[in-house]
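**Q** I'm passing along coords_27.pdb; it holds PDB, C-alpha atoms.
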```pdb
MODEL        1
ATOM      1  CA  MET A 212       0.000   0.000   0.000
ATOM      2  CA  LYS A 213       2.725   2.414   0.964
ATOM      3  CA  ASN A 214       4.610   1.643  -2.228
ATOM      4  CA  THR A 215       1.426   2.289  -4.202
ATOM      5  CA  LEU A 216       1.192   5.722  -2.622
ATOM      6  CA  ALA A 217       4.836   6.324  -3.452
ATOM      7  CA  VAL A 218       4.172   5.388  -7.080
ATOM      8  CA  VAL A 219       1.259   7.825  -7.222
ATOM      9  CA  GLN A 220       3.408  10.554  -5.691
ATOM     10  CA  ALA A 221       6.132   9.818  -8.248
ATOM     11  CA  LEU A 222       3.622  10.087 -11.059
ATOM     12  CA  ALA A 223       2.255  13.382  -9.726
ATOM     13  CA  ALA A 224       5.738  14.840  -9.270
ATOM     14  CA  GLN A 225       6.856  13.840 -12.747
ATOM     15  CA  THR A 226       3.759  15.134 -14.485
ATOM     16  CA  ASP A 227       5.039  18.649 -14.750
ATOM     17  CA  GLY A 228       7.016  21.091 -16.802
ATOM     18  CA  SER A 229       5.163  21.909 -19.960
ATOM     19  CA  PHE A 230       1.668  22.561 -18.644
ATOM     20  CA  GLY A 231       0.023  25.900 -19.210
ATOM     21  CA  SER A 232      -2.714  25.413 -16.648
ATOM     22  CA  VAL A 233      -3.855  23.390 -13.656
ATOM     23  CA  ALA A 234      -6.579  21.867 -15.835
ATOM     24  CA  GLU A 235      -3.988  20.551 -18.313
ATOM     25  CA  TYR A 236      -1.833  19.195 -15.506
ATOM     26  CA  ARG A 237      -4.823  17.459 -13.952
ATOM     27  CA  LYS A 238      -5.810  15.913 -17.259
ATOM     28  CA  ALA A 239      -2.315  14.533 -17.843
ATOM     29  CA  PHE A 240      -1.975  13.210 -14.295
ATOM     30  CA  ILE A 241      -5.431  11.586 -14.221
ATOM     31  CA  GLY A 242      -4.768  10.094 -17.672
ATOM     32  CA  ARG A 243      -1.570   8.399 -16.516
ATOM     33  CA  LEU A 244      -3.173   7.230 -13.297
ATOM     34  CA  HIS A 245      -6.051   5.803 -15.321
ATOM     35  CA  ALA A 246      -3.612   3.944 -17.606
ATOM     36  CA  LEU A 247      -2.031   2.298 -14.545
ATOM     37  CA  ALA A 248      -5.468   1.435 -13.167
ATOM     38  CA  SER A 249      -6.647  -0.128 -16.407
ATOM     39  CA  ALA A 250      -3.538  -2.339 -16.625
ATOM     40  CA  HIS A 251      -4.411  -3.370 -13.083
ATOM     41  CA  ASP A 252      -7.979  -4.177 -14.170
ATOM     42  CA  ALA A 253      -6.729  -6.272 -17.082
ATOM     43  CA  LEU A 254      -4.545  -8.247 -14.679
ATOM     44  CA  ILE A 255      -7.257  -8.965 -12.129
ATOM     45  CA  GLY A 256      -8.810 -11.585 -14.433
ATOM     46  CA  SER A 257      -5.675 -13.714 -14.232
ATOM     47  CA  ALA A 258      -4.922 -13.131 -10.549
ATOM     48  CA  PHE A 259      -2.082 -10.784 -11.598
ATOM     49  CA  GLN A 260      -0.284 -13.446 -13.636
ATOM     50  CA  SER A 261      -0.540 -12.420 -17.267
ATOM     51  CA  VAL A 262      -2.416 -10.493 -19.947
ATOM     52  CA  ASP A 263      -2.793 -11.177 -23.649
ATOM     53  CA  MET A 264      -1.051  -8.336 -25.514
ATOM     54  CA  LYS A 265      -3.881  -8.001 -28.041
ATOM     55  CA  CYS A 266      -6.388  -7.444 -25.210
ATOM     56  CA  LEU A 267      -4.088  -4.870 -23.621
ATOM     57  CA  ILE A 268      -3.701  -2.937 -26.904
ATOM     58  CA  GLU A 269      -7.459  -3.025 -27.470
ATOM     59  CA  LEU A 270      -7.988  -1.675 -23.975
ATOM     60  CA  ALA A 271      -5.397   1.069 -24.476
ATOM     61  CA  THR A 272      -6.967   2.233 -27.751
ATOM     62  CA  GLU A 273     -10.600   1.706 -26.727
ATOM     63  CA  ALA A 274     -11.432   5.389 -26.335
ATOM     64  CA  PHE A 275     -10.238   6.213 -29.856
ATOM     65  CA  ARG A 276     -11.903   3.200 -31.448
ATOM     66  CA  VAL A 277     -15.283   3.896 -29.827
ATOM     67  CA  ASP A 278     -15.471   7.394 -31.317
ATOM     68  CA  HIS A 279     -13.975   6.597 -34.731
ATOM     69  CA  PRO A 280     -13.591   2.857 -35.425
ATOM     70  CA  ALA A 281     -11.771   3.478 -38.726
ATOM     71  CA  LEU A 282      -8.969   5.433 -37.033
ATOM     72  CA  VAL A 283      -7.245   2.415 -35.546
ATOM     73  CA  GLU A 284      -6.156  -0.699 -37.398
ATOM     74  CA  LEU A 285      -4.803  -3.491 -35.219
ATOM     75  CA  VAL A 286      -3.131  -6.422 -36.961
ATOM     76  CA  ALA A 287      -2.378  -8.998 -34.311
ATOM     77  CA  GLY A 288       0.637 -11.275 -34.657
ATOM     78  CA  ASP A 289       1.189 -14.546 -32.806
ATOM     79  CA  PRO A 290      -0.271 -14.458 -29.289
ATOM     80  CA  VAL A 291       1.967 -12.799 -26.690
ATOM     81  CA  ASN A 292       1.338 -13.190 -22.982
ATOM     82  CA  LEU A 293       2.604 -10.293 -20.905
ATOM     83  CA  THR A 294       3.650 -10.555 -17.278
ATOM     84  CA  ALA A 295       2.181  -8.082 -14.794
ATOM     85  CA  ARG A 296       5.241  -5.850 -15.034
ATOM     86  CA  GLN A 297       5.277  -5.939 -18.822
ATOM     87  CA  ALA A 298       1.567  -5.192 -18.975
ATOM     88  CA  GLN A 299       1.858  -2.162 -16.696
ATOM     89  CA  GLY A 300       4.857  -0.846 -18.581
ATOM     90  CA  LEU A 301       3.331  -1.332 -22.010
ATOM     91  CA  MET A 302       0.059   0.225 -20.883
ATOM     92  CA  LEU A 303       1.900   3.397 -19.828
ATOM     93  CA  VAL A 304       3.754   3.448 -23.151
ATOM     94  CA  LEU A 305       0.553   3.023 -25.177
ATOM     95  CA  HIS A 306      -1.107   5.712 -23.094
ATOM     96  CA  GLU A 307       1.692   8.205 -23.805
ATOM     97  CA  LEU A 308       1.606   7.387 -27.524
ATOM     98  CA  GLY A 309      -2.197   7.614 -27.648
ATOM     99  CA  THR A 310      -2.316  10.936 -25.793
ATOM    100  CA  ASN A 311       0.317  12.361 -28.105
ATOM    101  CA  ALA A 312      -1.489  11.044 -31.214
ATOM    102  CA  ALA A 313      -4.814  12.546 -30.086
ATOM    103  CA  LYS A 314      -3.184  15.918 -29.399
ATOM    104  CA  TYR A 315      -0.739  16.300 -32.272
ATOM    105  CA  GLY A 316      -0.790  13.172 -34.422
ATOM    106  CA  ALA A 317      -2.958  10.914 -36.556
ATOM    107  CA  LEU A 318      -5.716  10.594 -33.937
ATOM    108  CA  SER A 319      -6.318  14.352 -34.044
ATOM    109  CA  ARG A 320      -7.904  14.128 -37.540
ATOM    110  CA  HIS A 321     -10.737  12.081 -39.063
ATOM    111  CA  GLU A 322      -8.586  11.096 -42.021
ATOM    112  CA  GLY A 323      -5.721  10.031 -39.746
ATOM    113  CA  ARG A 324      -4.825   6.364 -39.344
ATOM    114  CA  LEU A 325      -3.074   4.472 -36.588
ATOM    115  CA  HIS A 326      -1.691   1.090 -37.556
ATOM    116  CA  ILE A 327      -0.551  -1.248 -34.770
ATOM    117  CA  SER A 328       1.047  -4.606 -35.498
ATOM    118  CA  TRP A 329       3.622  -6.997 -34.149
ATOM    119  CA  THR A 330       5.770  -9.934 -35.162
ATOM    120  CA  LEU A 331       7.841 -12.498 -33.269
ATOM    121  CA  GLU A 332      11.404 -12.761 -34.494
ATOM    122  CA  GLN A 333      13.935 -15.434 -33.703
ATOM    123  CA  ARG A 334      17.247 -14.003 -32.526
ATOM    124  CA  GLU A 335      19.906 -16.587 -31.784
ATOM    125  CA  ASP A 336      18.525 -18.572 -28.874
ATOM    126  CA  ARG A 337      15.558 -16.373 -28.066
ATOM    127  CA  ARG A 338      12.534 -14.743 -29.600
ATOM    128  CA  ASP A 339      11.852 -11.010 -29.614
ATOM    129  CA  VAL A 340       8.527  -9.237 -29.914
ATOM    130  CA  HIS A 341       8.647  -6.374 -32.434
ATOM    131  CA  LEU A 342       5.700  -4.069 -31.891
ATOM    132  CA  GLU A 343       5.067  -1.185 -34.247
ATOM    133  CA  TRP A 344       2.851   1.855 -33.708
ATOM    134  CA  ARG A 345       2.599   3.716 -37.006
ATOM    135  CA  GLU A 346       0.656   6.942 -37.538
ATOM    136  CA  ARG A 347      -0.201   8.224 -41.002
ATOM    137  CA  HIS A 348      -2.401  10.886 -42.632
ATOM    138  CA  GLY A 349      -2.197  13.165 -39.619
ATOM    139  CA  PRO A 350      -0.618  16.630 -39.438
ATOM    140  CA  THR A 351       2.979  16.937 -40.677
ATOM    141  CA  VAL A 352       5.315  15.783 -37.942
ATOM    142  CA  SER A 353       8.525  17.423 -36.824
ATOM    143  CA  PRO A 354      10.856  16.126 -34.092
ATOM    144  CA  PRO A 355      10.339  17.802 -30.690
ATOM    145  CA  SER A 356      12.968  20.400 -29.770
ATOM    146  CA  GLU A 357      13.538  18.789 -26.389
ATOM    147  CA  LYS A 358      12.733  15.460 -24.845
ATOM    148  CA  GLY A 359       9.563  15.691 -22.758
ATOM    149  CA  PHE A 360       8.448  13.535 -19.855
ATOM    150  CA  GLY A 361       6.283  11.456 -22.223
ATOM    151  CA  SER A 362       9.137  10.292 -24.432
ATOM    152  CA  LYS A 363      11.363   9.720 -21.413
ATOM    153  CA  LEU A 364       8.614   7.589 -19.876
ATOM    154  CA  ILE A 365       8.299   5.550 -23.095
ATOM    155  CA  GLU A 366      12.042   4.919 -23.173
ATOM    156  CA  ARG A 367      12.242   4.050 -19.489
ATOM    157  CA  ALA A 368       9.180   1.812 -19.408
ATOM    158  CA  CYS A 369      10.537  -0.179 -22.348
ATOM    159  CA  ALA A 370      13.925  -0.565 -20.696
ATOM    160  CA  TYR A 371      12.688  -1.154 -17.155
ATOM    161  CA  GLU A 372       9.482  -3.150 -17.523
ATOM    162  CA  LEU A 373       9.969  -4.827 -20.911
ATOM    163  CA  ASP A 374      13.759  -5.290 -20.858
ATOM    164  CA  GLY A 375      13.623  -3.895 -24.340
ATOM    165  CA  GLU A 376      14.083  -0.789 -26.413
ATOM    166  CA  ALA A 377      11.894   1.861 -27.967
ATOM    167  CA  GLU A 378      12.695   3.926 -31.022
ATOM    168  CA  LEU A 379      10.673   7.014 -31.918
ATOM    169  CA  ASP A 380      10.833   7.981 -35.574
ATOM    170  CA  TYR A 381       9.445  11.485 -36.202
ATOM    171  CA  ALA A 382       9.112  11.265 -39.997
ATOM    172  CA  PRO A 383       7.133  14.165 -41.572
ATOM    173  CA  GLU A 384       4.381  11.769 -42.776
ATOM    174  CA  GLY A 385       3.753  10.456 -39.278
ATOM    175  CA  LEU A 386       5.263   9.191 -36.034
ATOM    176  CA  THR A 387       6.400   5.575 -35.867
ATOM    177  CA  CYS A 388       7.311   3.952 -32.579
ATOM    178  CA  ARG A 389       9.109   0.612 -32.739
ATOM    179  CA  ILE A 390       9.378  -1.414 -29.580
ATOM    180  CA  ALA A 391      11.425  -4.596 -29.262
ATOM    181  CA  PHE A 392      11.525  -6.814 -26.198
ATOM    182  CA  PRO A 393      12.303 -10.435 -25.341
ATOM    183  CA  PHE A 394       9.349 -12.796 -25.617
ATOM    184  CA  ASP A 395      10.757 -15.273 -23.117
ATOM    185  CA  GLN A 396      11.292 -13.452 -19.851
ATOM    186  CA  GLU A 397      14.229 -14.367 -17.725
ATOM    187  CA  GLU A 398      15.337 -13.279 -14.307
ATOM    188  CA  SER A 399      17.065  -9.888 -14.413
TER     189      SER A 399
ATOM    190  CA  MET B  13      19.472  23.645  -0.755
ATOM    191  CA  ASN B  14      22.687  24.214  -2.677
ATOM    192  CA  GLY B  15      23.956  26.714  -0.139
ATOM    193  CA  SER B  16      23.417  24.327   2.781
ATOM    194  CA  ARG B  17      26.050  21.970   4.151
ATOM    195  CA  GLU B  18      24.198  19.038   2.579
ATOM    196  CA  GLY B  19      24.296  20.814  -0.758
ATOM    197  CA  VAL B  20      28.045  21.298  -0.476
ATOM    198  CA  VAL B  21      28.600  17.636   0.473
ATOM    199  CA  LEU B  22      26.440  16.369  -2.386
ATOM    200  CA  LYS B  23      27.376  18.651  -5.235
ATOM    201  CA  GLY B  24      29.115  16.853  -8.107
ATOM    202  CA  LYS B  25      28.847  13.406  -6.502
ATOM    203  CA  THR B  26      27.864  10.345  -8.502
ATOM    204  CA  ILE B  27      24.969   8.498  -6.899
ATOM    205  CA  LEU B  28      23.930   4.968  -7.827
ATOM    206  CA  ILE B  29      20.143   4.545  -7.647
ATOM    207  CA  VAL B  30      18.678   1.070  -7.191
ATOM    208  CA  GLU B  31      14.891   0.940  -7.308
ATOM    209  CA  ASP B  32      12.641  -1.621  -8.978
ATOM    210  CA  GLU B  33       9.554   0.590  -9.394
ATOM    211  CA  MET B  34      10.110   2.516 -12.607
ATOM    212  CA  LEU B  35       8.107   5.616 -11.695
ATOM    213  CA  ILE B  36       9.742   5.893  -8.274
ATOM    214  CA  ALA B  37      13.144   5.403  -9.914
ATOM    215  CA  MET B  38      12.406   8.293 -12.293
ATOM    216  CA  GLU B  39      11.341  10.489  -9.390
ATOM    217  CA  LEU B  40      14.461   9.638  -7.365
ATOM    218  CA  GLU B  41      16.567  10.346 -10.425
ATOM    219  CA  SER B  42      15.170  13.834 -10.916
ATOM    220  CA  MET B  43      15.446  14.597  -7.175
ATOM    221  CA  VAL B  44      19.054  13.451  -6.994
ATOM    222  CA  GLU B  45      19.887  15.428 -10.146
ATOM    223  CA  ALA B  46      18.261  18.493  -8.597
ATOM    224  CA  LEU B  47      20.697  18.113  -5.688
ATOM    225  CA  GLY B  48      23.579  18.684  -8.091
ATOM    226  CA  CYS B  49      24.556  15.013  -8.346
ATOM    227  CA  THR B  50      25.139  12.776 -11.352
ATOM    228  CA  VAL B  51      22.985   9.643 -11.406
ATOM    229  CA  LEU B  52      24.384   6.185 -12.085
ATOM    230  CA  GLY B  53      21.472   3.973 -13.160
ATOM    231  CA  PRO B  54      18.760   3.781 -12.079
ATOM    232  CA  ALA B  55      19.182   0.009 -11.818
ATOM    233  CA  LYS B  56      16.095  -2.135 -11.348
ATOM    234  CA  SER B  57      17.791  -5.048  -9.628
ATOM    235  CA  ALA B  58      20.743  -5.831  -7.386
ATOM    236  CA  LYS B  59      22.290  -7.767 -10.278
ATOM    237  CA  ARG B  60      22.163  -4.754 -12.594
ATOM    238  CA  ALA B  61      23.411  -2.453  -9.857
ATOM    239  CA  LEU B  62      26.459  -4.653  -9.328
ATOM    240  CA  ALA B  63      27.135  -4.702 -13.068
ATOM    241  CA  LEU B  64      27.043  -0.883 -13.032
ATOM    242  CA  VAL B  65      29.472  -0.465 -10.132
ATOM    243  CA  ASP B  66      31.800  -2.940 -11.848
ATOM    244  CA  ARG B  67      32.063  -0.535 -14.757
ATOM    245  CA  GLU B  68      31.702   2.897 -13.208
ATOM    246  CA  ARG B  69      32.562   4.626  -9.987
ATOM    247  CA  ALA B  70      29.841   5.703  -7.564
ATOM    248  CA  ASP B  71      30.475   7.998  -4.577
ATOM    249  CA  ALA B  72      27.376   6.732  -2.806
ATOM    250  CA  ALA B  73      24.203   4.761  -3.432
ATOM    251  CA  LEU B  74      20.505   5.106  -2.744
ATOM    252  CA  LEU B  75      18.872   1.695  -2.398
ATOM    253  CA  ASP B  76      15.329   0.486  -2.314
ATOM    254  CA  LEU B  77      15.159  -1.901   0.623
ATOM    255  CA  ASN B  78      12.805  -4.364  -0.953
ATOM    256  CA  LEU B  79      13.609  -5.222  -4.527
ATOM    257  CA  HIS B  80      10.977  -7.485  -6.060
ATOM    258  CA  GLY B  81       9.498  -8.331  -2.709
ATOM    259  CA  SER B  82      12.666  -9.693  -1.155
ATOM    260  CA  SER B  83      15.295  -7.521   0.402
ATOM    261  CA  ASP B  84      18.742  -8.133  -0.935
ATOM    262  CA  PRO B  85      21.386  -7.834   1.766
ATOM    263  CA  SER B  86      24.052  -9.090  -0.673
ATOM    264  CA  LEU B  87      23.996  -5.750  -2.486
ATOM    265  CA  ALA B  88      24.476  -3.860   0.781
ATOM    266  CA  LYS B  89      27.316  -6.210   1.682
ATOM    267  CA  THR B  90      29.058  -5.767  -1.680
ATOM    268  CA  LEU B  91      28.735  -1.982  -1.527
ATOM    269  CA  ARG B  92      30.251  -2.005   1.957
ATOM    270  CA  GLU B  93      33.155  -4.163   0.754
ATOM    271  CA  ARG B  94      33.820  -1.708  -2.041
ATOM    272  CA  GLY B  95      33.639   1.269   0.269
ATOM    273  CA  ILE B  96      30.548   2.774  -1.359
ATOM    274  CA  PRO B  97      28.400   4.340   1.370
ATOM    275  CA  PHE B  98      24.645   4.097   0.932
ATOM    276  CA  ALA B  99      21.288   5.258   2.198
ATOM    277  CA  VAL B 100      18.108   3.215   2.029
ATOM    278  CA  ALA B 101      14.702   4.350   0.821
ATOM    279  CA  THR B 102      11.985   2.194   2.255
ATOM    280  CA  GLY B 103       8.250   1.853   2.524
ATOM    281  CA  TYR B 104       8.777  -0.084   5.750
ATOM    282  CA  SER B 105       9.347   0.916   9.328
ATOM    283  CA  ALA B 106      12.695   1.342  11.033
ATOM    284  CA  GLU B 107      12.106  -2.123  12.519
ATOM    285  CA  ALA B 108      12.498  -3.657   9.065
ATOM    286  CA  LEU B 109      15.979  -2.153   8.825
ATOM    287  CA  LYS B 110      17.203  -3.992  11.894
ATOM    288  CA  VAL B 111      19.249  -6.553   9.981
ATOM    289  CA  PRO B 112      23.012  -6.742  10.420
ATOM    290  CA  GLU B 113      23.748  -5.608   6.851
ATOM    291  CA  LEU B 114      21.882  -2.356   7.403
ATOM    292  CA  GLN B 115      23.258  -1.356  10.813
ATOM    293  CA  ASN B 116      23.643   2.430  11.106
ATOM    294  CA  THR B 117      22.393   2.986   7.593
ATOM    295  CA  PRO B 118      20.685   6.324   6.997
ATOM    296  CA  TYR B 119      17.191   5.709   5.703
ATOM    297  CA  VAL B 120      14.420   7.659   4.037
ATOM    298  CA  ASN B 121      10.783   6.766   4.419
ATOM    299  CA  LYS B 122       8.718   6.532   1.247
ATOM    300  CA  PRO B 123       7.118   8.591  -0.114
ATOM    301  CA  VAL B 124      10.362  10.533  -0.275
ATOM    302  CA  THR B 125      11.085  14.245  -0.502
ATOM    303  CA  ARG B 126      14.160  15.943  -1.903
ATOM    304  CA  ALA B 127      15.071  17.266   1.546
ATOM    305  CA  LYS B 128      14.877  13.800   3.153
ATOM    306  CA  ILE B 129      17.047  12.330   0.414
ATOM    307  CA  ALA B 130      19.602  15.129   0.732
ATOM    308  CA  LYS B 131      19.871  14.545   4.464
ATOM    309  CA  ALA B 132      20.244  10.760   4.197
ATOM    310  CA  LEU B 133      22.768  10.890   1.355
ATOM    311  CA  ALA B 134      24.813  13.593   3.092
ATOM    312  CA  ARG B 135      24.867  11.437   6.222
ATOM    313  CA  ALA B 136      25.965   8.423   4.178
ATOM    314  CA  LEU B 137      28.755  10.514   2.648
ATOM    315  CA  GLY B 138      29.920  11.594   6.080
ATOM    316  CA  GLY B 139      28.464  15.094   6.170
ATOM    317  CA  ARG B 140      26.959  16.150   9.477
ATOM    318  CA  PRO B 141      23.660  17.869   8.796
ATOM    319  CA  GLN B 142      21.714  19.153  11.794
TER     320      GLN B 142
ENDMDL
END
```
The structure given in the file should be rewritten as structure tokens.

**A**
Amino acid sequence: MKNTLAVVQALAAQTDGSFGSVAEYRKAFIGRLHALASAHDALIGSAFQSVDMKCLIELATEAFRVDHPALVELVAGDPVNLTARQAQGLMLVLHELGTNAAKYGALSRHEGRLHISWTLEQREDRRDVHLEWRERHGPTVSPPSEKGFGSKLIERACAYELDGEAELDYAPEGLTCRIAFPFDQEES
Amino acid sequence: MNGSREGVVLKGKTILIVEDEMLIAMELESMVEALGCTVLGPAKSAKRALALVDRERADAALLDLNLHGSSDPSLAKTLRERGIPFAVATGYSAEALKVPELQNTPYVNKPVTRAKIAKALARALGGRPQ
């Protein structure tokens, strides 16, 4: 319980910097808190053991799909079961990407498209999950002048909770985020 | 803070952070940076922390007491052997710190504040804050 409070404090303290108003700050903080809570909800069904990645992605993009079903195209690869840690980390990552897309990217326009897909790739003695979040037909994209909390969170969550890496590609035609992480989790 | 004795003790020091909760690790990182220190890590496990101190020098460390639900006294022991002083951040009571490996270790109760961290790290580094 005390650690949960510490996590919430950490989230509140980190949600800062670029906000013009208290209302914006509150929206960002509540959004991140909600992302953590929904990962929690997804895990309850399995007694906190695992979550199917497709279900988690559907949950993370639910709000966008309800309003405009054509905005999001999800092409599922082979089934991937996420551990509790992976699920929480990936949920935060998807939340940051979704918030950004709704504000500045493909999800801010009716003609925009978000394409999410993944593949499993054999690498020597292990398999890696390669997850791609690709936005197209949104406003022209330019790389941010400085790294915000959102992109830092994406990088960290991928490294810390997925033992993997994230790459953000700010091409003019749309943001692409590529995430790679080991499919078979080992003790770290 | 920077004008205080703690600020003088801490400025320019390299601090290893070991914390398994990502969001707390990010918060500790920005607090420690705000104290004028350079952060090594954060490392999410004792194993990764040891790999870091094998490669790079740390003046002191800030440890989460309970990594992945089991405290890891081996990390504390190794840091002591290498002469790296440390402070502990914990969600538990002082009672929980009464293990031989953590004797006389400065500790910070979670949730943490920058001032509490400054005090504990300065104490670990041998400063004498009031």

**Q** Using only C-alpha atoms, which protein or nucleic acid residues come within 10 Å of segment 289-291 of chain A? Drop anything in the same chain fewer than 5 positions from it, and give the result as a ChimeraX atom specification.

**A** /A:261-265,329-331,340,394-395

**Q** Please save C-alpha atoms of the selected residues as a compact mmCIF listing (two decimals), keeping the file's coordinate frame.

**A**
```
# COMPACT_ATOMS: atom_id res chain seq x y z
CA SER A 261 -0.54 -12.42 -17.27
CA VAL A 262 -2.42 -10.49 -19.95
CA ASP A 263 -2.79 -11.18 -23.65
CA MET A 264 -1.05 -8.34 -25.51
CA LYS A 265 -3.88 -8.00 -28.04
CA TRP A 329 3.62 -7.00 -34.15
CA THR A 330 5.77 -9.93 -35.16
CA LEU A 331 7.84 -12.50 -33.27
CA VAL A 340 8.53 -9.24 -29.91
CA PHE A 394 9.35 -12.80 -25.62
CA ASP A 395 10.76 -15.27 -23.12
```

**Q** Considering all atoms listed in the file, extract the chain A residues located within 8 Å of chain B and return them as a list in words.

**A**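 Close enough to count are Lys213, Asn214, Leu216, Ala217, Val218, Gln220, Ala221, Leu222, Ala224, Gln225, Arg367, Ala368, Tyr371, Glu372 and Ser399 of chain A.
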
**Q** Go through B:Ala130, B:Val30, B:Leu91, B:Gln115 one by one, measure the shortest atom-to-atom distance of each to Ala61 of chain B using only C-alpha atoms, and give the residue with the smallest value.

**A**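 Checking each candidate against Ala61 of chain B, we get B:Val30 as the closest.
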
**Q** Starting from 6 Å padding per side, set up an axis-aligned box that covers all listed atoms of segment 362-378 of chain A and hand over centre and edge lengths in Å, one decimal, as JSON.

**A**
```
{"center_x": 11.2, "center_y": 2.5, "center_z": -24.1, "size_x": 17.8, "size_y": 27.6, "size_z": 25.9}
```

**Q** Calculate how many Å separate atom CA of Lys128 of chain B from atom CA of Leu244 of chain A, rounding to one decimal.

**A** 25.3 Å

**Q** Leaving out Ala99 of chain B and any residue of its chain fewer than 6 positions from it, which residues lie within 7 Å of it when counting all atoms listed in the file, given as a PyMOL selection string?

**A** chain B and resi 73-75+117-119+132-133+136

**Q** May I have the selected residues written with C-alpha atoms, as an mmCIF file, keeping the file's coordinate frame?

**A**
```cif
data_model
loop_
_atom_site.group_PDB
_atom_site.id
_atom_site.type_symbol
_atom_site.label_atom_id
_atom_site.label_comp_id
_atom_site.auth_asym_id
_atom_site.auth_seq_id
_atom_site.Cartn_x
_atom_site.Cartn_y
_atom_site.Cartn_z
ATOM 1 C CA ALA B 73 24.203 4.761 -3.432
ATOM 2 C CA LEU B 74 20.505 5.106 -2.744
ATOM 3 C CA LEU B 75 18.872 1.695 -2.398
ATOM 4 C CA THR B 117 22.393 2.986 7.593
ATOM 5 C CA PRO B 118 20.685 6.324 6.997
ATOM 6 C CA TYR B 119 17.191 5.709 5.703
ATOM 7 C CA ALA B 132 20.244 10.760 4.197
ATOM 8 C CA LEU B 133 22.768 10.890 1.355
ATOM 9 C CA ALA B 136 25.965 8.423 4.178
#
```

**Q** Report as a list in words the full result of the PyMOL selection byres ((chain A and resi 382-390) around 7) when it is applied to this structure.

**A**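 Checking the PyMOL selection byres ((chain A and resi 382-390) around 7) against this file, the residues are His341, Leu342, Glu343, Trp344, Arg345, Glu346, Arg347, His348, Gly349, Thr351, Val352, Ser353, Glu376, Ala377, Glu378, Leu379, Asp380, Tyr381, Ala391 and Phe392 of chain A.
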
**Q** On this structure, the PyMOL selection byres ((chain A and resi 302-315) around 7) would catch which residues? List them as a list in words, sorted by chain and number.

**A**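 Evaluating the PyMOL selection byres ((chain A and resi 302-315) around 7) on this file yields Arg243, Ala246, Leu247, Ala250, Ala271, Ala298, Gln299, Gly300, Leu301, Gly316, Ala317, Leu318, Ser319, Gly361, Ile365 and Ala368 of chain A.
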